[in-house]
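The structure under discussion appears below in the form of structure tokens.
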Amino acid sequence: MELLYFAVAFACGFSVYQLKLPPLIGFLMAGFVLNLLGHQTTDLLTLLADLGVTLLLFSIGLKLKVSNLMKPQVWAPATMHIVASTAFFATLALVFSVFGLPLFTGISTQSALLLGFAFSFSSTVFAVKVLEERGEMASLHGKISIGILVMQDIFAVIFLAISTGKAPNVWALALLIGLPLVRPIMFWTLNRSKHGELLPLFGFFFALVAGYHAFEFAGLKGDLGALIIGMIFAPHKKAGELSKSLLNVKDILLVGFFLNIGLNASISFDALLIALVLVIVLPLKVALYYIFTNLFRLRARTSLLSAFTLTNYSEFGLIVCAVASTTGVIAADWLAVVAIAVSITFVIGSPLNKKANEIYVKLEPWLLKIEHKERLEEELPVNLGDTKIVIFGMGRIGTGAYETIQASFPDTVAGVDIKPEVVDKHVKRGRRVLTADATDPDFWQRVNHSQVEMVMLAMPKHMQNVYALEQLKASGYKGQVTAIANYPDQQKELEEMGVNSTYNFYLEAGSGFAEHVKTELFS
């Protein structure tokens, strides 16, 4: 039966992808189609979905630093939003009960607050999928969004512990003391796992056994355990490689998660009506995200893109409602309401985030009027000076290009990267590298590129290079542009957009290696 479900998911995902929409919309559609045809979820599909979410949180942990959570622009907006959003939705529920709307009739203050809490959360799964697809996990707005979601997960753990009466046991203390002590052993094991099939198996073991089940055994939320174990490995030099090794498996398992949302929904007219009402008021929830992040010196674009990433209801609402329905605090029909609301907001949120930069450009004149006057250090204007060649993306390819150009034309090249830690590494080695987001329309307005003769787009995600190229052309740049690509169809797209030359990383890597050998032989 699961094979049939995945076959339908592929058909729906493939169909919407041809319309240039994210496949996850098709996966959601597949779940509802199967539901309408009389199918229900299975234990195996639920297990696969849970494994996908656990691996997702482990992968988030691998890219997350504790210092990011301690920044005021993360924990403060997260806390303020969950309080204000809970109050807003609880008040809305009580108002609707006065008018006698279905499922709201006779609702108590306790039930209203619980529903408000459930609807205050945004989806970690959706946010990560959107950010990964756009290559923006390392961007400032991506870090802010993920930090807020992690803070929400912490609130979730506290809620579940109180509501279920499941308090941490003595083994939780053992974990607290033991994990720092065994960290060197964990790092040694990761080093010895090298690069083959043992590496993803290592990830599975630490995410699911050392993470999920160890924390469940200690009376804590297993998903939180996977996240924390991932955060322990985050400083390791192989953390990025470990995350990439789990990427495809995680994505396949998450298809089960999206299928489950539709399969678990008991669709009725009342549930659909209330879900639509929740979708209509969603912009107010998004506005709260924007207002609270903007208070902490974030630029208008950063606040807006963070809010767009969080424009949805969360699968956690299903867990809250499930726990509450078993104790009789709310009716079980609310599970269907949450499932439908989550699905609709996912469908709305996908194209919204895809067009985020275009929407920002249209709203920019109005947003700048209410933008905070002060700036965080990472959002200060960038000065290229008399640079002639700019390389965007200082990974392996960008660094190699920088060194080659610097050797032939000293002091004419500068690198730009979205990751502050990458920039710091290059600066310590004497390279001229700046922190900036090439896909940010404001960046191209703040920077003077009149002296720049060539731009090299060497960012790892194809869509990053496409977005950057669009912004570069819109800024009036007239010089040469070259870009990397992974596949011939990506090369064709970039060339049609006006790129002067493209470099296929996979096809031309061999010729580059041969050129290096030839140089060594005849030098």
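Letters A, B, ... go to the chains of the structure tokens in the order shown; residues in each chain start at 1; ligands are counted from 1 in the same order.
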- [ ] Compile the contact shell of region 67-78 of chain A as a ChimeraX atom specification: residues with an atom at most 6 Å away, counting only C-alpha atoms, same-chain residues fewer than 2 positions apart removed.
- [x] /A:65,80-81,144,147-148,292-293,296
TODO: For His195 (chain A), please output as a PyMOL selection string all residues within 12 Å (counting only C-alpha atoms; exclusion window: fewer than 2 positions along the same chain).
DONE: chain A and resi 190-193+197-202+238-245
I need the chosen residues saved as a PDB file, in the first residue's frame, with N, CA, C and O atoms.
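Output (result23.pdb):
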```pdb
ATOM      1  N   LEU A 190      33.270  10.292  14.311  1.00  0.00           N
ATOM      2  CA  LEU A 190      32.918  10.968  13.066  1.00  0.00           C
ATOM      3  C   LEU A 190      34.129  11.087  12.148  1.00  0.00           C
ATOM      4  O   LEU A 190      34.026  10.862  10.932  1.00  0.00           O
ATOM      5  N   ASN A 191      35.279  11.408  12.718  1.00  0.00           N
ATOM      6  CA  ASN A 191      36.507  11.494  11.910  1.00  0.00           C
ATOM      7  C   ASN A 191      36.842  10.159  11.255  1.00  0.00           C
ATOM      8  O   ASN A 191      37.239  10.112  10.092  1.00  0.00           O
ATOM      9  N   ARG A 192      36.659   9.086  11.994  1.00  0.00           N
ATOM     10  CA  ARG A 192      37.022   7.752  11.503  1.00  0.00           C
ATOM     11  C   ARG A 192      35.970   7.170  10.560  1.00  0.00           C
ATOM     12  O   ARG A 192      36.203   6.130   9.942  1.00  0.00           O
ATOM     13  N   SER A 193      34.819   7.831  10.431  1.00  0.00           N
ATOM     14  CA  SER A 193      33.776   7.335   9.524  1.00  0.00           C
ATOM     15  C   SER A 193      34.052   7.717   8.071  1.00  0.00           C
ATOM     16  O   SER A 193      33.365   7.248   7.153  1.00  0.00           O
ATOM     17  N   GLU A 197      29.716   5.045   2.693  1.00  0.00           N
ATOM     18  CA  GLU A 197      28.378   4.729   3.179  1.00  0.00           C
ATOM     19  C   GLU A 197      28.292   4.705   4.703  1.00  0.00           C
ATOM     20  O   GLU A 197      27.205   4.736   5.278  1.00  0.00           O
ATOM     21  N   LEU A 198      29.464   4.641   5.358  1.00  0.00           N
ATOM     22  CA  LEU A 198      29.469   4.641   6.815  1.00  0.00           C
ATOM     23  C   LEU A 198      29.034   6.002   7.379  1.00  0.00           C
ATOM     24  O   LEU A 198      28.476   6.068   8.478  1.00  0.00           O
ATOM     25  N   LEU A 199      29.253   7.062   6.615  1.00  0.00           N
ATOM     26  CA  LEU A 199      28.931   8.404   7.108  1.00  0.00           C
ATOM     27  C   LEU A 199      27.425   8.614   7.308  1.00  0.00           C
ATOM     28  O   LEU A 199      27.007   9.041   8.387  1.00  0.00           O
ATOM     29  N   PRO A 200      26.569   8.320   6.296  1.00  0.00           N
ATOM     30  CA  PRO A 200      25.126   8.467   6.560  1.00  0.00           C
ATOM     31  C   PRO A 200      24.621   7.505   7.629  1.00  0.00           C
ATOM     32  O   PRO A 200      23.705   7.850   8.385  1.00  0.00           O
ATOM     33  N   LEU A 201      25.234   6.316   7.723  1.00  0.00           N
ATOM     34  CA  LEU A 201      24.847   5.371   8.770  1.00  0.00           C
ATOM     35  C   LEU A 201      25.202   5.930  10.145  1.00  0.00           C
ATOM     36  O   LEU A 201      24.447   5.759  11.110  1.00  0.00           O
ATOM     37  N   PHE A 202      26.331   6.620  10.217  1.00  0.00           N
ATOM     38  CA  PHE A 202      26.721   7.316  11.445  1.00  0.00           C
ATOM     39  C   PHE A 202      25.643   8.330  11.824  1.00  0.00           C
ATOM     40  O   PHE A 202      25.243   8.433  12.986  1.00  0.00           O
ATOM     41  N   LYS A 238      33.414  18.194   9.637  1.00  0.00           N
ATOM     42  CA  LYS A 238      32.680  17.288   8.753  1.00  0.00           C
ATOM     43  C   LYS A 238      31.158  17.427   8.895  1.00  0.00           C
ATOM     44  O   LYS A 238      30.411  16.648   8.311  1.00  0.00           O
ATOM     45  N   ALA A 239      30.696  18.428   9.663  1.00  0.00           N
ATOM     46  CA  ALA A 239      29.257  18.588   9.893  1.00  0.00           C
ATOM     47  C   ALA A 239      28.510  18.824   8.581  1.00  0.00           C
ATOM     48  O   ALA A 239      27.444  18.254   8.341  1.00  0.00           O
ATOM     49  N   GLY A 240      29.071  19.666   7.721  1.00  0.00           N
ATOM     50  CA  GLY A 240      28.431  19.941   6.433  1.00  0.00           C
ATOM     51  C   GLY A 240      28.357  18.707   5.555  1.00  0.00           C
ATOM     52  O   GLY A 240      27.334  18.440   4.910  1.00  0.00           O
ATOM     53  N   GLU A 241      29.434  17.939   5.520  1.00  0.00           N
ATOM     54  CA  GLU A 241      29.461  16.714   4.725  1.00  0.00           C
ATOM     55  C   GLU A 241      28.466  15.692   5.263  1.00  0.00           C
ATOM     56  O   GLU A 241      27.778  15.003   4.498  1.00  0.00           O
ATOM     57  N   LEU A 242      28.368  15.604   6.587  1.00  0.00           N
ATOM     58  CA  LEU A 242      27.414  14.684   7.203  1.00  0.00           C
ATOM     59  C   LEU A 242      25.989  15.073   6.841  1.00  0.00           C
ATOM     60  O   LEU A 242      25.152  14.219   6.504  1.00  0.00           O
ATOM     61  N   SER A 243      25.695  16.368   6.871  1.00  0.00           N
ATOM     62  CA  SER A 243      24.358  16.846   6.511  1.00  0.00           C
ATOM     63  C   SER A 243      24.024  16.514   5.061  1.00  0.00           C
ATOM     64  O   SER A 243      22.919  16.054   4.752  1.00  0.00           O
ATOM     65  N   LYS A 244      24.976  16.708   4.156  1.00  0.00           N
ATOM     66  CA  LYS A 244      24.751  16.407   2.743  1.00  0.00           C
ATOM     67  C   LYS A 244      24.533  14.914   2.510  1.00  0.00           C
ATOM     68  O   LYS A 244      23.747  14.519   1.643  1.00  0.00           O
ATOM     69  N   SER A 245      25.206  14.069   3.283  1.00  0.00           N
ATOM     70  CA  SER A 245      25.068  12.621   3.106  1.00  0.00           C
ATOM     71  C   SER A 245      23.668  12.124   3.479  1.00  0.00           C
ATOM     72  O   SER A 245      23.226  11.081   3.003  1.00  0.00           O
TER      73      SER A 245
END
```
- [ ] Tell me which protein, DNA and RNA residues are within 7 Å of region 388-391 of chain A, counting only C-alpha atoms, leaving out same-chain ones fewer than 6 positions away, and put them as an MDAnalysis selection string.
- [x] chainID A and resid 398 412:416 451:458
Write a file of the just-selected residues containing N, CA, C and O atoms, as a tab-separated table (two decimals), in the first residue's frame.
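Listing of selection30.tsv after writing:
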```tsv
chain	number	residue	atom	x	y	z
A	398	GLY	N	34.95	29.14	-5.76
A	398	GLY	CA	35.19	30.58	-5.64
A	398	GLY	C	36.57	30.88	-5.09
A	398	GLY	O	37.26	31.80	-5.57
A	412	THR	N	42.97	43.24	-7.41
A	412	THR	CA	41.85	43.62	-8.29
A	412	THR	C	40.59	42.80	-8.00
A	412	THR	O	39.54	43.10	-8.55
A	413	VAL	N	40.69	41.78	-7.15
A	413	VAL	CA	39.59	40.86	-6.93
A	413	VAL	C	39.10	40.92	-5.48
A	413	VAL	O	39.88	41.17	-4.56
A	414	ALA	N	37.80	40.73	-5.32
A	414	ALA	CA	37.19	40.65	-3.98
A	414	ALA	C	36.18	39.51	-4.00
A	414	ALA	O	35.55	39.23	-5.03
A	415	GLY	N	36.02	38.85	-2.87
A	415	GLY	CA	35.04	37.79	-2.74
A	415	GLY	C	33.89	38.24	-1.87
A	415	GLY	O	34.06	39.10	-1.00
A	416	VAL	N	32.73	37.66	-2.11
A	416	VAL	CA	31.54	37.95	-1.31
A	416	VAL	C	30.89	36.63	-0.94
A	416	VAL	O	30.71	35.76	-1.81
A	451	GLN	N	32.99	50.42	-11.06
A	451	GLN	CA	34.37	50.06	-11.42
A	451	GLN	C	34.53	48.56	-11.71
A	451	GLN	O	35.58	48.14	-12.19
A	452	VAL	N	33.50	47.78	-11.41
A	452	VAL	CA	33.59	46.32	-11.58
A	452	VAL	C	33.46	45.94	-13.05
A	452	VAL	O	32.51	46.35	-13.72
A	453	GLU	N	34.42	45.17	-13.55
A	453	GLU	CA	34.42	44.76	-14.95
A	453	GLU	C	33.89	43.34	-15.14
A	453	GLU	O	33.41	43.00	-16.23
A	454	MET	N	34.00	42.52	-14.11
A	454	MET	CA	33.52	41.14	-14.23
A	454	MET	C	32.94	40.66	-12.90
A	454	MET	O	33.52	40.91	-11.84
A	455	VAL	N	31.81	39.95	-13.00
A	455	VAL	CA	31.18	39.31	-11.84
A	455	VAL	C	31.18	37.81	-12.08
A	455	VAL	O	30.77	37.34	-13.15
A	456	MET	N	31.65	37.06	-11.09
A	456	MET	CA	31.68	35.59	-11.18
A	456	MET	C	30.69	35.04	-10.15
A	456	MET	O	30.84	35.28	-8.95
A	457	LEU	N	29.68	34.31	-10.61
A	457	LEU	CA	28.67	33.72	-9.73
A	457	LEU	C	29.06	32.27	-9.45
A	457	LEU	O	28.93	31.40	-10.31
A	458	ALA	N	29.55	32.02	-8.24
A	458	ALA	CA	30.05	30.69	-7.88
A	458	ALA	C	29.34	30.14	-6.66
A	458	ALA	O	29.92	29.40	-5.86
```
Report the closest atom pair, with its distance in Å rounded to one decimal, for each residue of region 42-64 of chain A that has an atom no farther than 10 Å from region 217-223 of chain A; count only C-alpha atoms, sort by chain and then rising residue number, and write it as a tab-separated table.
```
residue	atom	partner	partner_atom	distance
A:Asp50	CA	A:Asp223	CA	9.1
A:Leu51	CA	A:Asp223	CA	9.6
A:Val53	CA	A:Asp223	CA	7.7
A:Thr54	CA	A:Asp223	CA	5.5
A:Leu55	CA	A:Asp223	CA	8.8
A:Leu56	CA	A:Asp223	CA	9.3
A:Leu57	CA	A:Asp223	CA	6.7
A:Phe58	CA	A:Asp223	CA	8.2
```
TODO: Quote the spacing between CA of Asn294 (chain A) and CA of Val125 (chain A) in Å to one decimal place.
DONE: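 Taking CA of Asn294 (chain A) as the start and CA of Val125 (chain A) as the end point, the length is 24.2 Å.
Among the candidates A:Cys12, A:Leu176, A:Ala436, A:Ala300, the residue lying nearest to Trp366 (chain A) is A:Ala300 (atoms considered: only C-alpha atoms).
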